[in-house]
Structures are given as C-alpha cells and as structure tokens.
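Dumped model.txt below, it's compact mmCIF, C-alpha atoms:
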```
# COMPACT_ATOMS: atom_id res chain seq x y z
CA MET A 2 0.00 0.00 0.00
CA ARG A 3 2.90 2.35 0.73
CA THR A 4 4.79 1.53 -2.46
CA PRO A 5 3.14 4.20 -4.69
CA ARG A 6 3.74 6.83 -2.04
CA ILE A 7 7.41 5.87 -1.71
CA LYS A 8 7.75 5.91 -5.47
CA ASN A 9 6.23 9.38 -5.62
CA ILE A 10 8.66 10.62 -2.99
CA VAL A 11 11.61 9.10 -4.86
CA VAL A 12 10.44 10.62 -8.14
CA PHE A 13 9.99 14.00 -6.47
CA LEU A 14 13.49 13.87 -4.99
CA VAL A 15 15.03 12.83 -8.30
CA LEU A 16 13.22 15.59 -10.17
CA SER A 17 14.25 18.11 -7.50
CA LEU A 18 17.90 17.06 -7.83
CA VAL A 19 17.70 17.26 -11.63
CA LEU A 20 16.10 20.71 -11.41
CA LEU A 21 18.72 21.94 -8.95
CA GLY A 22 21.47 20.54 -11.15
CA PHE A 23 20.00 22.23 -14.20
CA ILE A 24 19.71 25.57 -12.39
CA GLY A 25 23.31 25.23 -11.20
CA PHE A 26 24.46 24.37 -14.72
CA VAL A 27 22.64 27.38 -16.19
CA GLU A 28 24.05 29.67 -13.52
CA LYS A 29 27.54 28.27 -14.11
CA GLN A 30 27.20 28.77 -17.86
CA THR A 31 25.96 32.31 -17.34
CA TRP A 32 28.73 33.01 -14.83
CA GLU A 33 31.38 31.79 -17.23
CA LYS A 34 30.08 33.96 -20.07
CA LEU A 35 30.12 37.30 -18.26
CA TYR A 36 32.91 39.66 -17.22
CA PHE A 37 33.16 40.17 -13.46
CA GLY A 38 36.31 42.23 -12.96
CA SER A 39 40.08 41.99 -13.39
CA GLU A 40 43.18 40.95 -11.49
CA ILE A 41 46.59 42.50 -12.11
CA ASN A 42 49.72 40.41 -11.72
CA ILE A 43 52.99 42.33 -12.09
CA LYS A 44 55.74 39.72 -12.26
CA GLY A 45 58.25 40.20 -9.50
CA GLU A 46 61.78 41.32 -10.29
CA SER A 47 63.94 42.11 -7.29
CA GLY A 48 64.43 45.87 -6.98
CA LEU A 49 62.15 46.83 -9.88
CA TYR A 50 59.14 49.06 -9.20
CA PHE A 51 58.65 50.86 -12.50
CA VAL A 52 55.17 49.50 -13.21
CA GLU A 53 52.60 50.06 -10.48
CA GLU A 54 49.17 48.48 -10.16
CA ARG A 55 47.48 51.89 -9.97
CA GLU A 56 49.01 52.82 -13.33
CA ILE A 57 47.59 49.69 -14.96
CA GLU A 58 44.20 50.40 -13.39
CA LYS A 59 44.30 53.94 -14.79
CA ILE A 60 45.18 52.68 -18.28
CA MET A 61 42.29 50.22 -18.16
CA LYS A 62 39.82 52.79 -16.85
CA GLU A 63 40.74 55.43 -19.43
CA GLY A 64 41.15 53.06 -22.35
CA PHE A 65 38.17 50.79 -21.75
CA PRO A 66 35.39 52.70 -19.95
CA ASP A 67 32.75 50.20 -21.16
CA LEU A 68 34.47 47.28 -19.46
CA ILE A 69 32.03 46.83 -16.59
CA ALA A 70 30.73 43.86 -14.62
CA GLY A 71 28.10 41.88 -16.50
CA LEU A 72 29.59 42.50 -19.95
CA PRO A 73 29.54 39.38 -22.16
CA LEU A 74 33.03 37.89 -22.30
CA GLN A 75 33.08 37.91 -26.10
CA GLN A 76 32.98 41.72 -25.90
CA VAL A 77 36.16 41.91 -23.80
CA PRO A 78 38.82 43.15 -26.31
CA LEU A 79 41.79 41.08 -25.16
CA ALA A 80 44.12 41.97 -28.05
CA GLN A 81 43.36 45.69 -27.72
CA ILE A 82 43.98 45.53 -23.97
CA GLU A 83 47.39 43.95 -24.53
CA ASP A 84 48.29 46.58 -27.13
CA ARG A 85 47.21 49.38 -24.79
CA LEU A 86 49.24 48.01 -21.88
CA MET A 87 52.29 47.65 -24.12
CA GLY A 88 52.12 51.43 -24.56
CA HIS A 89 53.51 51.80 -21.04
CA PRO A 90 57.25 52.44 -21.57
CA PHE A 91 58.29 50.01 -18.84
CA VAL A 92 55.99 47.13 -19.85
CA LYS A 93 58.05 44.50 -21.61
CA LYS A 94 55.24 41.99 -22.08
CA ALA A 95 51.49 42.08 -21.40
CA GLU A 96 49.14 39.12 -21.54
CA ALA A 97 45.36 39.40 -21.08
CA PHE A 98 43.15 36.33 -20.72
CA ILE A 99 39.92 35.28 -19.05
CA GLY A 100 40.42 33.18 -15.95
CA GLN A 101 37.92 31.43 -13.71
CA LYS A 102 34.54 32.99 -12.89
CA GLY A 103 34.80 35.64 -15.59
CA ILE A 104 37.87 37.37 -14.12
CA LEU A 105 40.17 39.12 -16.58
CA GLN A 106 43.77 38.24 -15.76
CA LEU A 107 46.41 40.84 -16.64
CA ASP A 108 49.96 39.46 -16.48
CA ILE A 109 52.60 42.20 -16.74
CA GLU A 110 56.36 41.78 -17.20
CA GLN A 111 58.63 44.79 -16.70
CA HIS A 112 61.69 45.90 -18.63
CA LYS A 113 64.91 45.57 -16.64
CA PRO A 114 67.33 48.52 -17.02
CA ILE A 115 71.04 47.69 -16.89
CA ALA A 116 72.40 51.19 -17.61
CA ARG A 117 71.32 54.81 -17.60
CA ILE A 118 72.25 57.30 -20.32
CA VAL A 119 72.95 60.68 -18.73
CA ARG A 120 72.80 63.91 -20.70
CA PRO A 121 73.62 67.37 -19.31
CA ARG A 122 71.13 69.28 -21.47
CA ALA A 123 68.34 66.76 -22.07
CA ALA A 124 66.36 64.00 -20.40
CA ASP A 125 68.10 60.78 -19.40
CA GLY A 126 67.10 57.31 -20.51
CA TYR A 127 67.56 53.68 -19.52
CA ILE A 128 69.09 50.87 -21.58
CA THR A 129 67.25 47.58 -21.08
CA GLU A 130 68.61 44.03 -21.17
CA GLU A 131 67.56 43.80 -24.82
CA GLY A 132 69.34 47.01 -25.81
CA LYS A 133 66.20 49.12 -26.02
CA VAL A 134 66.38 52.72 -24.81
CA ILE A 135 63.38 53.81 -22.73
CA PRO A 136 62.61 56.99 -20.75
CA THR A 137 63.25 57.32 -17.04
CA SER A 138 60.49 57.14 -14.44
CA ASN A 139 59.21 59.92 -12.20
CA SER A 140 58.32 57.48 -9.43
CA TYR A 141 61.35 55.20 -9.22
CA THR A 142 65.09 55.28 -9.97
CA SER A 143 67.16 52.17 -10.67
CA ARG A 144 70.77 52.14 -9.45
CA VAL A 145 72.68 51.09 -12.55
CA VAL A 146 75.91 52.07 -14.30
CA LEU A 147 75.83 55.48 -16.00
CA ILE A 148 76.57 55.93 -19.72
CA SER A 149 77.79 59.25 -21.13
CA GLY A 150 79.52 60.59 -24.20
CA PRO A 151 78.71 61.45 -27.85
CA LEU A 152 77.78 57.90 -28.87
CA ALA A 153 75.51 57.54 -25.85
CA GLU A 154 73.68 60.67 -27.00
CA LYS A 155 73.28 59.18 -30.47
CA MET A 156 71.91 55.89 -29.12
CA MET A 157 69.44 57.81 -26.98
CA ASN A 158 68.11 59.55 -30.07
CA GLN A 159 67.88 56.28 -32.01
CA GLY A 160 65.98 54.55 -29.20
CA GLU A 161 68.15 51.44 -29.17
CA VAL A 162 71.77 50.28 -28.87
CA MET A 163 72.14 47.38 -31.28
CA GLN A 164 72.11 49.45 -34.46
CA GLU A 165 74.90 51.81 -33.46
CA MET A 166 77.05 49.77 -31.09
CA PRO A 167 76.01 46.16 -30.33
CA GLU A 168 79.34 45.49 -28.61
CA LEU A 169 78.32 47.92 -25.86
CA MET A 170 75.72 45.37 -24.78
CA ASP A 171 78.52 42.82 -24.31
CA LEU A 172 80.31 45.26 -22.01
CA LEU A 173 77.14 46.06 -20.03
CA SER A 174 76.28 42.37 -19.70
CA PHE A 175 79.83 41.61 -18.56
CA ILE A 176 79.67 44.27 -15.83
CA GLU A 177 76.11 43.40 -14.83
CA GLY A 178 77.02 39.72 -14.49
CA ASP A 179 79.95 40.29 -12.12
CA GLU A 180 79.22 41.40 -8.56
CA PHE A 181 82.57 43.15 -8.09
CA TRP A 182 82.58 45.09 -11.37
CA ARG A 183 78.91 45.95 -10.96
CA ALA A 184 79.80 47.70 -7.68
CA GLN A 185 83.12 49.17 -8.82
CA VAL A 186 82.30 50.61 -12.27
CA THR A 187 80.03 53.62 -11.80
CA GLU A 188 80.21 55.28 -15.22
CA ILE A 189 81.13 54.39 -18.79
CA GLU A 190 82.08 57.22 -21.10
CA VAL A 191 81.62 56.27 -24.76
CA ARG A 192 83.56 58.81 -26.79
CA SER A 193 83.74 56.52 -29.81
CA LYS A 194 83.64 52.80 -30.56
CA THR A 195 87.36 52.57 -29.86
CA ASP A 196 87.53 55.07 -27.00
CA ILE A 197 85.60 53.78 -24.00
CA ARG A 198 86.58 54.96 -20.52
CA LEU A 199 85.57 53.58 -17.14
CA TYR A 200 85.11 55.57 -13.93
CA GLN A 201 85.27 53.77 -10.60
CA GLN A 202 83.59 53.75 -7.23
CA VAL A 203 86.96 53.41 -5.46
CA GLY A 204 90.01 55.10 -6.97
CA ARG A 205 90.38 58.26 -9.02
CA GLN A 206 92.05 56.61 -12.02
CA VAL A 207 90.30 56.76 -15.37
CA VAL A 208 90.52 53.34 -16.99
CA GLU A 209 90.92 53.50 -20.78
CA LEU A 210 89.30 50.34 -22.08
CA GLY A 211 89.59 51.15 -25.78
CA SER A 212 86.98 49.12 -27.65
CA ALA A 213 84.44 46.77 -26.08
CA THR A 214 86.34 43.68 -27.27
CA ASP A 215 88.50 41.07 -25.49
CA LEU A 216 86.66 41.98 -22.30
CA GLU A 217 87.85 39.10 -20.15
CA GLU A 218 91.50 39.84 -20.97
CA LYS A 219 91.11 43.57 -20.37
CA PHE A 220 89.31 43.18 -17.05
CA GLU A 221 91.93 40.67 -15.93
CA LYS A 222 94.55 43.37 -16.56
CA ILE A 223 92.51 45.88 -14.56
CA GLU A 224 92.39 43.34 -11.75
CA VAL A 225 96.18 42.97 -11.90
CA PHE A 226 96.41 46.76 -11.59
CA TYR A 227 94.25 46.66 -8.45
CA LYS A 228 95.97 43.70 -6.81
CA GLU A 229 99.64 44.15 -7.74
CA ILE A 230 100.37 47.72 -8.79
CA LEU A 231 98.23 49.87 -6.50
CA PRO A 232 99.32 48.15 -3.25
CA ARG A 233 102.94 49.03 -4.12
CA LYS A 234 102.43 52.51 -5.56
CA GLY A 235 99.37 53.72 -3.66
CA TRP A 236 95.80 54.51 -4.77
CA ASN A 237 96.63 58.07 -5.79
CA ALA A 238 99.82 57.32 -7.71
CA TYR A 239 98.17 57.31 -11.13
CA SER A 240 95.40 59.24 -12.81
CA ARG A 241 95.15 57.16 -15.99
CA VAL A 242 95.30 53.44 -16.66
CA SER A 243 95.11 52.00 -20.17
CA VAL A 244 94.38 48.36 -20.97
CA LYS A 245 93.45 48.90 -24.59
CA PHE A 246 96.75 47.56 -25.94
CA LYS A 247 97.26 43.82 -26.05
CA ASN A 248 99.49 42.39 -23.31
CA GLN A 249 100.10 45.85 -21.82
CA ILE A 250 99.02 47.91 -18.84
CA VAL A 251 99.96 51.58 -19.23
CA CYS A 252 99.84 53.66 -16.04
CA GLU A 253 100.40 57.42 -15.85
```

Here is a file; write its structure as structure tokens.
Amino acid sequence: MRTPRIKNIVVFLVLSLVLLGFIGFVEKQTWEKLYFGSEINIKGESGLYFVEEREIEKIMKEGFPDLIAGLPLQQVPLAQIEDRLMGHPFVKKAEAFIGQKGILQLDIEQHKPIARIVRPRAADGYITEEGKVIPTSNSYTSRVVLISGPLAEKMMNQGEVMQEMPELMDLLSFIEGDEFWRAQVTEIEVRSKTDIRLYQQVGRQVVELGSATDLEEKFEKIEVFYKEILPRKGWNAYSRVSVKFKNQIVCE
C-alpha cells in the first residue's frame, strides 16, 4: 500500500535534484560567459618598481570605460587591452586572458634597465637588457651604471643600442654579471667605438678600455692593476690606466 507513495517521494526527490542541477548548470554557464572584474599580476623582479598596479588600473579605466561587470566575455577586447598596456614604456610583455569565474587576468612583465644614459642638457634614458632605450620614471630610480659621451647621446636619439654599437651590450652584460665590477664601475664614457673609458667607485684613475672587445682579458689586466700595482704605488699614484693595448698595462 505504501509503495506508490514511496515511489512518488523518490520521483519528487530525483526531479528536484535534476532541477537543482539544471539551475546550477545554467548559472555556471551564465557566470562563465560574463565579465566580473580583473586581477593584475605584475611579475616580481627584485628591486624593480617601475610599473605600479594603480598605473595599470588607470590605463584600463581610461582606455576601456565600457568594461564593466556583466559585460559578455566575447565583448572583452583582449588583443586591444594587450596593445594598450604595451604602450607603457616600462611594460616588456602584457598578456590578457579570461580566468575562472569571468575574471580578466592581466599578467605584466617589466623591462629591466642595466644602464642609464645621462645627458647634461636633455632628459636621461635607460638601456634595457635587450638594448632598447626607454625613458626614465618619475616614481622610481634604478641604481645602474651610467653611460655618457657622444655615442651615448646618439643611441638615446635612435631609441636602441644594437644598431649603433652592439658590442656595448657585451660590455654592459659583462659588468652586470659580475658582482665586483657591478659595484666598482660607476660610469662608462663612450667617446667613440674605440675610445671607451671607465670611472670607478673606489680610486680616481680613469681606466681606458679602448673598444668593447676582449673583455675578459682587459678586465683581468685591470684586476692585476688593483691587486699588484696599486698596493705598491698607492691609490693616488696614477690618474690614468690604459688596458686597450694587447698584453700591456699603461699607467700614468
């Protein structure tokens, strides 16, 4: 006698579960098809603070005022967003994609400066790891080796290093990759491709490097000067040291 009643209860429960599942599925599908905000991820690089989250937010707000919660995801202009973010001078790479629950993910990678071009009568600029010249920042200064001289001025105007003097990148990479030289060499004066001069943190001697070639050999000679000559003669004995000639150290 109770069987029909039990069957009705079972059917009701099954239908209720199916209905709840269907509602959940519809809600999930709707949720996944709408824009519900963005998250900014600026990839960490020790000591780099050139790109700030508030700047990215400002770019998004000014460039995409119609990007509001509830917008269908197919109307989110991912390629245009990436192009707009790449307009920031310190953004090296920008990737925009839709993550879970309709959240727009903005992954930002910064340029890393390894040198700063200094000019007495015009704005300075940074040289990046790739040899690109970018403007300085009003909010943050990176402590890197300074570059001066006529060729530095020319590279600043061209906006990159590789066209005019690719060997300079070898010199910058060499200094950047060595903890001692990174601390000791404070300025590089590039008068010409064959007349490069180094200024030091410790010591008043101007080191004439010549061209940016045979770097390991030349820096080994500078090291000999530090370790063997200066201890005997004193730190102020010389004002000029040249390592530009093969197998020679000229001190004056």

Point out the residue among A:Gly100, A:Gly88, A:Pro167, A:Pro114 with the least atom-to-atom distance to Thr137 (chain A), counting only C-alpha atoms.
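Of all the options, A:Pro114 lies closest to Thr137 (chain A).
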
What's the separation between CA of Val92 (chain A) and CA of Arg117 (chain A), in Å to one decimal place?
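According to the coordinates, CA of Val92 (chain A) and CA of Arg117 (chain A) are separated by 17.3 Å.
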
If we count all atoms listed in the file and set the cut-off at 9 Å, which residues sit around region 210-215 of chain A, ignoring sequence neighbours fewer than 6 positions away in its own chain? Please answer as a ChimeraX atom specification.
/A:168-172,193-199,242-246

Would you mind telling me which residue in A:Ile189, A:Leu74, A:Ala238, A:Leu68 lies nearest to Ile99 (chain A) when using all atoms listed in the file?
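Among the listed residues, the smallest separation from Ile99 (chain A) belongs to A:Leu74.
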
Shell of 7 Å around Ala70 (chain A), only C-alpha atoms, local chain residues under 3 positions omitted, as a list of chain:residue names:
A:Tyr36, A:Phe37, A:Gly38

Mind writing the picked residues with C-alpha atoms as a tab-separated table (two decimals), in the frame of the given file?
```tsv
chain	number	residue	atom	x	y	z
A	36	TYR	CA	32.91	39.66	-17.22
A	37	PHE	CA	33.16	40.17	-13.46
A	38	GLY	CA	36.31	42.23	-12.96
```
